[in-house]
Amino acid sequence: MAEEKKLLNVSSNPHVRDRITTRTIMLLVFLALLPATGYGVYHFGLYSLAVVLVTTGSAVIWEFIWTKCMKKKSTIEDLSAAVTGLLLALNMPPRIPIWICVLGSFFAIIVVKNLFGGLGQNFMNPALGARCFLLISFAGKMADFAYDSVSGATYLANLKNGSSFDASAMVWGNEMGTIGETSVIAIVIGACILLAFGIIDLTIPGTYILTFVVFWCLFGGHGADPGYLTAELAGGGLMLGAFFMATDYVTSPITTKGRIVYGIILGVLTGVFRVFSSGAEGVSYAIIVSNLLVPLIERATPPKCFGYVKPVKGGRA
């Protein structure tokens, strides 16, 4: 009887377990982000490397401080804080003041992640939550993409305003923007790493991108023009968000139908923000809003049960 009681262990979800550990997943995500990180540093210079190191390092330090203050077991070894810090860094302008990087990592790790229970309990992507906080608090600095004494609007903003843009330069990454979003090629290389190791699949990013393409063709004002469509896909944070942030295990649906619905909502919201709002971007807010809708999506898209109980006339089944 004592042995049977030991088997009755009530634990938090998930209850379906795999041999792959959280640390392994986070390590692969971290490695997959390195191509975009490396290109960003090459393109924007050494100051952007300082932004990456400070944002990532301070995220790990805030995680360590939290666990010490709460007298909990250290969780920095699972690399989730490092991944959050690196994602936040890649969403930063290349000349952002260092103190804003530290503040952003504090908001991501302490406010969004740990105040809501830590890894697995946060209700939105911590890196994007911090980026939206910084966008609201320091709009001017978060929109300052100047580097090497070159300033001006991004090609995505030019497209929004009807000015000239270079779609091929946007694909290669020869433009202004945040550190990790400029080169689609570098992002796709990282995405291929995640796909090859089975960390993500194409359900969410594929549905997201396809829905956005359809929305843009219908409402973008340029139909299916290849140049404009390529610029919209390559510009801003759409590709980085689709493969690395929308697919976050904690803040995305677990049901198959739910993941499709989630991708559709992401594509529609991104299209609405880009086409009908005053801004040229919208990916961060689209993912955050969709994160908040995940509980409703999962409630509306439960998996079908295996088998059923056939009713018996005149009695109970």
# chains A, B, ... in the order shown; residues from 1 in each chain; ligands from 1
call {"tool": "closest_atom_pairs", "arguments": {"of": "segment 129-228 of chain A", "to": "segment 267-283 of chain A", "cutoff": "9 Å", "atoms": "only C-alpha atoms", "output": "CSV"}}
result
residue,atom,partner,partner_atom,distance
A:Leu156,CA,A:Ala280,CA,6.2
A:Ala157,CA,A:Ala280,CA,5.3
A:Asn158,CA,A:Ala280,CA,8.6
A:Leu159,CA,A:Ala280,CA,8.2
A:Lys160,CA,A:Ala280,CA,5.9
A:Asn161,CA,A:Ala280,CA,8.6
A:Thr207,CA,A:Gly267,CA,7.7
A:Tyr208,CA,A:Gly267,CA,4.7
A:Ile209,CA,A:Gly267,CA,6.3
A:Leu210,CA,A:Gly267,CA,7.5
A:Thr211,CA,A:Gly267,CA,4.9
A:Phe212,CA,A:Gly267,CA,4.2
A:Val213,CA,A:Gly267,CA,8.0
A:Val214,CA,A:Gly267,CA,8.8
A:Phe215,CA,A:Gly271,CA,6.1
A:Trp216,CA,A:Gly271,CA,6.3
A:Phe219,CA,A:Val275,CA,7.2
A:Gly220,CA,A:Val275,CA,6.0
A:Gly221,CA,A:Val275,CA,8.8
call {"tool": "closest_atom_pairs", "arguments": {"of": "segment 113-201 of chain A", "to": "segment 62-75 of chain A", "cutoff": "10 Å", "atoms": "only C-alpha atoms", "output": "JSON lines"}}
result
{"residue": "A:Lys113", "atom": "CA", "partner": "A:Glu63", "partner_atom": "CA", "distance": 9.4}
{"residue": "A:Asn114", "atom": "CA", "partner": "A:Trp66", "partner_atom": "CA", "distance": 7.8}
{"residue": "A:Leu115", "atom": "CA", "partner": "A:Trp66", "partner_atom": "CA", "distance": 9.7}
{"residue": "A:Gly118", "atom": "CA", "partner": "A:Thr75", "partner_atom": "CA", "distance": 9.4}
{"residue": "A:Leu119", "atom": "CA", "partner": "A:Thr75", "partner_atom": "CA", "distance": 9.0}
call {"tool": "write_last_selection", "arguments": {"atoms": "C-alpha atoms", "output": "CSV table (one decimal), in the first residue's frame"}}
result
chain,number,residue,atom,x,y,z
A,113,LYS,CA,8.2,35.9,-16.2
A,114,ASN,CA,8.8,35.4,-12.4
A,115,LEU,CA,6.0,37.5,-10.9
A,118,GLY,CA,8.4,31.5,-13.5
A,119,LEU,CA,9.1,29.4,-16.6
call {"tool": "residues_around", "arguments": {"residues": "Ala139 of chain A", "least_positions_apart": "4", "cutoff": "12 Å", "atoms": "only C-alpha atoms", "output": "PDB file with N, CA, C and O atoms, in the first residue's frame"}}
result
ATOM      1  N   MET A  92      16.124  45.134 -30.110  1.00  0.00           N
ATOM      2  CA  MET A  92      16.570  46.471 -29.717  1.00  0.00           C
ATOM      3  C   MET A  92      17.204  47.217 -30.896  1.00  0.00           C
ATOM      4  O   MET A  92      17.858  46.598 -31.746  1.00  0.00           O
ATOM      5  N   PRO A  93      17.052  48.551 -30.951  1.00  0.00           N
ATOM      6  CA  PRO A  93      17.806  49.341 -31.932  1.00  0.00           C
ATOM      7  C   PRO A  93      19.306  49.220 -31.652  1.00  0.00           C
ATOM      8  O   PRO A  93      19.716  49.008 -30.502  1.00  0.00           O
ATOM      9  N   ILE A  96      20.776  51.783 -28.865  1.00  0.00           N
ATOM     10  CA  ILE A  96      19.957  52.015 -27.678  1.00  0.00           C
ATOM     11  C   ILE A  96      20.866  52.210 -26.455  1.00  0.00           C
ATOM     12  O   ILE A  96      21.896  51.536 -26.325  1.00  0.00           O
ATOM     13  N   ILE A 100      18.802  51.282 -20.725  1.00  0.00           N
ATOM     14  CA  ILE A 100      17.485  50.809 -21.163  1.00  0.00           C
ATOM     15  C   ILE A 100      17.507  49.299 -21.373  1.00  0.00           C
ATOM     16  O   ILE A 100      16.511  48.604 -21.115  1.00  0.00           O
ATOM     17  N   ARG A 131       9.723  44.430 -24.684  1.00  0.00           N
ATOM     18  CA  ARG A 131       9.876  45.345 -25.821  1.00  0.00           C
ATOM     19  C   ARG A 131       8.690  46.300 -25.920  1.00  0.00           C
ATOM     20  O   ARG A 131       8.859  47.504 -26.165  1.00  0.00           O
ATOM     21  N   CYS A 132       7.478  45.794 -25.732  1.00  0.00           N
ATOM     22  CA  CYS A 132       6.292  46.658 -25.786  1.00  0.00           C
ATOM     23  C   CYS A 132       6.324  47.680 -24.649  1.00  0.00           C
ATOM     24  O   CYS A 132       5.948  48.847 -24.844  1.00  0.00           O
ATOM     25  N   PHE A 133       6.803  47.254 -23.476  1.00  0.00           N
ATOM     26  CA  PHE A 133       6.953  48.184 -22.354  1.00  0.00           C
ATOM     27  C   PHE A 133       7.924  49.304 -22.710  1.00  0.00           C
ATOM     28  O   PHE A 133       7.658  50.486 -22.444  1.00  0.00           O
ATOM     29  N   LEU A 134       9.036  48.950 -23.337  1.00  0.00           N
ATOM     30  CA  LEU A 134      10.027  49.951 -23.727  1.00  0.00           C
ATOM     31  C   LEU A 134       9.516  50.840 -24.859  1.00  0.00           C
ATOM     32  O   LEU A 134       9.805  52.035 -24.899  1.00  0.00           O
ATOM     33  N   LEU A 135       8.749  50.263 -25.780  1.00  0.00           N
ATOM     34  CA  LEU A 135       8.187  51.064 -26.872  1.00  0.00           C
ATOM     35  C   LEU A 135       7.242  52.137 -26.335  1.00  0.00           C
ATOM     36  O   LEU A 135       7.214  53.258 -26.827  1.00  0.00           O
ATOM     37  N   ALA A 143      12.712  53.896 -31.463  1.00  0.00           N
ATOM     38  CA  ALA A 143      12.505  54.073 -32.901  1.00  0.00           C
ATOM     39  C   ALA A 143      13.701  54.736 -33.571  1.00  0.00           C
ATOM     40  O   ALA A 143      13.642  55.084 -34.750  1.00  0.00           O
ATOM     41  N   ASP A 144      14.810  54.890 -32.822  1.00  0.00           N
ATOM     42  CA  ASP A 144      16.008  55.516 -33.365  1.00  0.00           C
ATOM     43  C   ASP A 144      16.932  54.428 -33.905  1.00  0.00           C
ATOM     44  O   ASP A 144      17.644  53.772 -33.147  1.00  0.00           O
ATOM     45  N   PHE A 145      16.920  54.219 -35.210  1.00  0.00           N
ATOM     46  CA  PHE A 145      17.694  53.145 -35.820  1.00  0.00           C
ATOM     47  C   PHE A 145      18.982  53.643 -36.471  1.00  0.00           C
ATOM     48  O   PHE A 145      19.578  52.961 -37.309  1.00  0.00           O
ATOM     49  N   GLY A 279       1.393  53.229 -37.660  1.00  0.00           N
ATOM     50  CA  GLY A 279       2.745  52.689 -37.645  1.00  0.00           C
ATOM     51  C   GLY A 279       2.980  51.708 -38.775  1.00  0.00           C
ATOM     52  O   GLY A 279       2.041  51.215 -39.413  1.00  0.00           O
TER      53      GLY A 279
END
call {"tool": "select_by_dssp", "arguments": {"residues": "segment 21-92 of chain A", "states": "helix (DSSP H, G or I)", "output": "JSON, numbers by chain"}}
result
{"A": [22, 23, 24, 25, 26, 27, 28, 29, 30, 31, 32, 33, 34, 35, 36, 37, 38, 39, 40, 41, 42, 43, 44, 46, 47, 48, 49, 50, 51, 52, 53, 54, 55, 56, 57, 58, 59, 60, 61, 62, 63, 64, 65, 66, 67, 68, 69, 76, 77, 78, 80, 81, 82, 83, 84, 85, 86, 87, 88, 89, 90]}
call {"tool": "residues_around", "arguments": {"residues": "Val111 of chain A", "least_positions_apart": "6", "cutoff": "10 Å", "atoms": "only C-alpha atoms", "output": "PyMOL selection string"}}
result
chain A and resi 105+118+122+126+129-130
call {"tool": "residues_around", "arguments": {"residues": "Tyr47 of chain A", "least_positions_apart": "2", "cutoff": "10 Å", "atoms": "only C-alpha atoms", "output": "list in words"}}
result
Val41, Phe44, Gly45, Leu49, Ala50, Val51, Val52, Leu53, Pro94, Arg95, Ile96, Pro97, Ile98 and Tyr147 of chain A
call {"tool": "residues_around", "arguments": {"residues": "Pro205 of chain A", "least_positions_apart": "5", "cutoff": "8 Å", "atoms": "only C-alpha atoms", "output": "MDAnalysis selection string"}}
result
chainID A and resid 242:243 246:247 263
call {"tool": "write_last_selection", "arguments": {"atoms": "N, CA and C atoms", "output": "compact mmCIF listing (two decimals), in the first residue's frame"}}
result
# COMPACT_ATOMS: atom_id res chain seq x y z
N ALA A 242 7.69 35.24 -36.27
CA ALA A 242 6.97 34.04 -36.69
C ALA A 242 7.69 32.77 -36.25
N PHE A 243 9.01 32.73 -36.37
CA PHE A 243 9.75 31.50 -36.08
C PHE A 243 10.26 31.40 -34.65
N ALA A 246 6.47 33.66 -31.81
CA ALA A 246 5.10 33.14 -31.88
C ALA A 246 5.05 31.66 -31.53
N THR A 247 6.17 30.95 -31.70
CA THR A 247 6.23 29.51 -31.44
C THR A 247 6.61 29.17 -30.00
N GLY A 263 -2.28 31.03 -35.48
CA GLY A 263 -1.54 31.58 -36.62
C GLY A 263 -2.38 32.51 -37.46
call {"tool": "closest_atom_pairs", "arguments": {"of": "segment 168-244 of chain A", "to": "segment 18-35 of chain A", "cutoff": "10 Å", "atoms": "only C-alpha atoms", "output": "JSON lines"}}
result
{"residue": "A:Gly180", "atom": "CA", "partner": "A:Leu33", "partner_atom": "CA", "distance": 8.4}
{"residue": "A:Ser183", "atom": "CA", "partner": "A:Pro35", "partner_atom": "CA", "distance": 9.3}
{"residue": "A:Ile185", "atom": "CA", "partner": "A:Pro35", "partner_atom": "CA", "distance": 8.9}
{"residue": "A:Ala186", "atom": "CA", "partner": "A:Pro35", "partner_atom": "CA", "distance": 5.2}
{"residue": "A:Ile187", "atom": "CA", "partner": "A:Pro35", "partner_atom": "CA", "distance": 6.9}
{"residue": "A:Val188", "atom": "CA", "partner": "A:Pro35", "partner_atom": "CA", "distance": 9.1}
{"residue": "A:Ile189", "atom": "CA", "partner": "A:Pro35", "partner_atom": "CA", "distance": 7.0}
{"residue": "A:Gly190", "atom": "CA", "partner": "A:Ala32", "partner_atom": "CA", "distance": 4.1}
{"residue": "A:Ala191", "atom": "CA", "partner": "A:Ala32", "partner_atom": "CA", "distance": 6.7}
{"residue": "A:Cys192", "atom": "CA", "partner": "A:Ala32", "partner_atom": "CA", "distance": 8.2}
{"residue": "A:Ile193", "atom": "CA", "partner": "A:Ala32", "partner_atom": "CA", "distance": 5.9}
{"residue": "A:Leu194", "atom": "CA", "partner": "A:Ala32", "partner_atom": "CA", "distance": 6.7}
{"residue": "A:Phe197", "atom": "CA", "partner": "A:Leu28", "partner_atom": "CA", "distance": 8.2}
{"residue": "A:Gly198", "atom": "CA", "partner": "A:Ile25", "partner_atom": "CA", "distance": 9.6}
{"residue": "A:Ile199", "atom": "CA", "partner": "A:Ile25", "partner_atom": "CA", "distance": 6.8}
{"residue": "A:Ile200", "atom": "CA", "partner": "A:Val29", "partner_atom": "CA", "distance": 9.8}
{"residue": "A:Leu240", "atom": "CA", "partner": "A:Leu33", "partner_atom": "CA", "distance": 9.3}
{"residue": "A:Phe244", "atom": "CA", "partner": "A:Val29", "partner_atom": "CA", "distance": 8.0}
call {"tool": "write_last_selection", "arguments": {"atoms": "N, CA, C and O atoms", "output": "PDB file, in the first residue's frame"}}
result
ATOM      1  N   GLY A 180      18.392  42.188 -34.665  1.00  0.00           N
ATOM      2  CA  GLY A 180      18.212  40.827 -35.165  1.00  0.00           C
ATOM      3  C   GLY A 180      17.167  40.626 -36.226  1.00  0.00           C
ATOM      4  O   GLY A 180      16.953  39.492 -36.668  1.00  0.00           O
ATOM      5  N   SER A 183      18.145  40.740 -41.409  1.00  0.00           N
ATOM      6  CA  SER A 183      18.509  39.738 -42.406  1.00  0.00           C
ATOM      7  C   SER A 183      17.563  38.542 -42.363  1.00  0.00           C
ATOM      8  O   SER A 183      17.617  37.717 -41.444  1.00  0.00           O
ATOM      9  N   ILE A 185      17.662  36.055 -44.388  1.00  0.00           N
ATOM     10  CA  ILE A 185      18.462  34.851 -44.641  1.00  0.00           C
ATOM     11  C   ILE A 185      19.021  34.294 -43.336  1.00  0.00           C
ATOM     12  O   ILE A 185      18.961  33.078 -43.076  1.00  0.00           O
ATOM     13  N   ALA A 186      19.569  35.153 -42.485  1.00  0.00           N
ATOM     14  CA  ALA A 186      20.108  34.698 -41.200  1.00  0.00           C
ATOM     15  C   ALA A 186      19.005  34.121 -40.311  1.00  0.00           C
ATOM     16  O   ALA A 186      19.215  33.114 -39.617  1.00  0.00           O
ATOM     17  N   ILE A 187      17.843  34.734 -40.331  1.00  0.00           N
ATOM     18  CA  ILE A 187      16.720  34.240 -39.523  1.00  0.00           C
ATOM     19  C   ILE A 187      16.261  32.871 -40.008  1.00  0.00           C
ATOM     20  O   ILE A 187      16.004  31.965 -39.207  1.00  0.00           O
ATOM     21  N   VAL A 188      16.175  32.706 -41.328  1.00  0.00           N
ATOM     22  CA  VAL A 188      15.733  31.429 -41.896  1.00  0.00           C
ATOM     23  C   VAL A 188      16.743  30.321 -41.593  1.00  0.00           C
ATOM     24  O   VAL A 188      16.357  29.172 -41.341  1.00  0.00           O
ATOM     25  N   ILE A 189      18.032  30.653 -41.616  1.00  0.00           N
ATOM     26  CA  ILE A 189      19.049  29.653 -41.244  1.00  0.00           C
ATOM     27  C   ILE A 189      18.804  29.160 -39.822  1.00  0.00           C
ATOM     28  O   ILE A 189      18.831  27.951 -39.533  1.00  0.00           O
ATOM     29  N   GLY A 190      18.547  30.097 -38.904  1.00  0.00           N
ATOM     30  CA  GLY A 190      18.242  29.714 -37.530  1.00  0.00           C
ATOM     31  C   GLY A 190      16.961  28.913 -37.429  1.00  0.00           C
ATOM     32  O   GLY A 190      16.884  27.934 -36.670  1.00  0.00           O
ATOM     33  N   ALA A 191      15.943  29.295 -38.199  1.00  0.00           N
ATOM     34  CA  ALA A 191      14.676  28.564 -38.189  1.00  0.00           C
ATOM     35  C   ALA A 191      14.865  27.134 -38.679  1.00  0.00           C
ATOM     36  O   ALA A 191      14.249  26.200 -38.156  1.00  0.00           O
ATOM     37  N   CYS A 192      15.722  26.955 -39.674  1.00  0.00           N
ATOM     38  CA  CYS A 192      15.992  25.608 -40.194  1.00  0.00           C
ATOM     39  C   CYS A 192      16.630  24.721 -39.126  1.00  0.00           C
ATOM     40  O   CYS A 192      16.376  23.508 -39.073  1.00  0.00           O
ATOM     41  N   ILE A 193      17.450  25.309 -38.270  1.00  0.00           N
ATOM     42  CA  ILE A 193      18.047  24.549 -37.164  1.00  0.00           C
ATOM     43  C   ILE A 193      16.955  24.046 -36.229  1.00  0.00           C
ATOM     44  O   ILE A 193      16.939  22.865 -35.831  1.00  0.00           O
ATOM     45  N   LEU A 194      16.009  24.919 -35.877  1.00  0.00           N
ATOM     46  CA  LEU A 194      14.915  24.519 -34.988  1.00  0.00           C
ATOM     47  C   LEU A 194      14.032  23.458 -35.638  1.00  0.00           C
ATOM     48  O   LEU A 194      13.594  22.512 -34.975  1.00  0.00           O
ATOM     49  N   PHE A 197      15.816  19.936 -35.718  1.00  0.00           N
ATOM     50  CA  PHE A 197      15.852  19.239 -34.431  1.00  0.00           C
ATOM     51  C   PHE A 197      14.457  19.018 -33.839  1.00  0.00           C
ATOM     52  O   PHE A 197      14.337  18.504 -32.734  1.00  0.00           O
ATOM     53  N   GLY A 198      13.429  19.419 -34.563  1.00  0.00           N
ATOM     54  CA  GLY A 198      12.066  19.189 -34.095  1.00  0.00           C
ATOM     55  C   GLY A 198      11.639  20.075 -32.949  1.00  0.00           C
ATOM     56  O   GLY A 198      10.669  19.761 -32.248  1.00  0.00           O
ATOM     57  N   ILE A 199      12.331  21.185 -32.753  1.00  0.00           N
ATOM     58  CA  ILE A 199      11.959  22.102 -31.673  1.00  0.00           C
ATOM     59  C   ILE A 199      10.672  22.843 -32.023  1.00  0.00           C
ATOM     60  O   ILE A 199       9.837  23.113 -31.157  1.00  0.00           O
ATOM     61  N   ILE A 200      10.499  23.188 -33.283  1.00  0.00           N
ATOM     62  CA  ILE A 200       9.263  23.792 -33.761  1.00  0.00           C
ATOM     63  C   ILE A 200       8.814  23.055 -35.011  1.00  0.00           C
ATOM     64  O   ILE A 200       9.574  22.257 -35.584  1.00  0.00           O
ATOM     65  N   LEU A 240      11.317  37.061 -37.764  1.00  0.00           N
ATOM     66  CA  LEU A 240      11.864  36.735 -36.441  1.00  0.00           C
ATOM     67  C   LEU A 240      10.739  36.365 -35.481  1.00  0.00           C
ATOM     68  O   LEU A 240      10.848  35.390 -34.731  1.00  0.00           O
ATOM     69  N   PHE A 244      10.532  32.522 -34.006  1.00  0.00           N
ATOM     70  CA  PHE A 244      11.196  32.452 -32.710  1.00  0.00           C
ATOM     71  C   PHE A 244      10.348  32.922 -31.529  1.00  0.00           C
ATOM     72  O   PHE A 244      10.665  32.566 -30.389  1.00  0.00           O
TER      73      PHE A 244
END
call {"tool": "decode", "arguments": {"residues": "segment 191-207 of chain A", "atoms": "N, CA and C atoms", "output": "short mmCIF file (atom, residue, chain, number, x, y, z; two decimals), in the first residue's frame"}}
result
data_model
loop_
_atom_site.label_atom_id
_atom_site.label_comp_id
_atom_site.auth_asym_id
_atom_site.auth_seq_id
_atom_site.Cartn_x
_atom_site.Cartn_y
_atom_site.Cartn_z
N ALA A 191 15.94 29.30 -38.20
CA ALA A 191 14.68 28.56 -38.19
C ALA A 191 14.86 27.13 -38.68
N CYS A 192 15.72 26.96 -39.67
CA CYS A 192 15.99 25.61 -40.19
C CYS A 192 16.63 24.72 -39.13
N ILE A 193 17.45 25.31 -38.27
CA ILE A 193 18.05 24.55 -37.16
C ILE A 193 16.95 24.05 -36.23
N LEU A 194 16.01 24.92 -35.88
CA LEU A 194 14.92 24.52 -34.99
C LEU A 194 14.03 23.46 -35.64
N LEU A 195 13.77 23.61 -36.93
CA LEU A 195 12.95 22.63 -37.64
C LEU A 195 13.67 21.29 -37.75
N ALA A 196 14.97 21.31 -37.99
CA ALA A 196 15.74 20.08 -38.15
C ALA A 196 15.77 19.26 -36.87
N PHE A 197 15.82 19.94 -35.72
CA PHE A 197 15.85 19.24 -34.43
C PHE A 197 14.46 19.02 -33.84
N GLY A 198 13.43 19.42 -34.56
CA GLY A 198 12.07 19.19 -34.09
C GLY A 198 11.64 20.07 -32.95
N ILE A 199 12.33 21.18 -32.75
CA ILE A 199 11.96 22.10 -31.67
C ILE A 199 10.67 22.84 -32.02
N ILE A 200 10.50 23.19 -33.28
CA ILE A 200 9.26 23.79 -33.76
C ILE A 200 8.81 23.05 -35.01
N ASP A 201 7.57 23.28 -35.43
CA ASP A 201 7.12 22.83 -36.74
C ASP A 201 6.56 24.04 -37.49
N LEU A 202 6.09 23.80 -38.68
CA LEU A 202 5.67 24.91 -39.53
C LEU A 202 4.20 25.32 -39.33
N THR A 203 3.51 24.68 -38.39
CA THR A 203 2.08 24.98 -38.23
C THR A 203 1.84 26.45 -37.93
N ILE A 204 2.46 26.95 -36.85
CA ILE A 204 2.23 28.34 -36.46
C ILE A 204 2.89 29.33 -37.43
N PRO A 205 4.20 29.23 -37.69
CA PRO A 205 4.81 30.22 -38.61
C PRO A 205 4.23 30.15 -40.02
N GLY A 206 3.93 28.93 -40.50
CA GLY A 206 3.37 28.80 -41.84
C GLY A 206 2.00 29.43 -41.95
N THR A 207 1.14 29.14 -40.96
CA THR A 207 -0.21 29.72 -40.96
C THR A 207 -0.14 31.23 -40.80
#
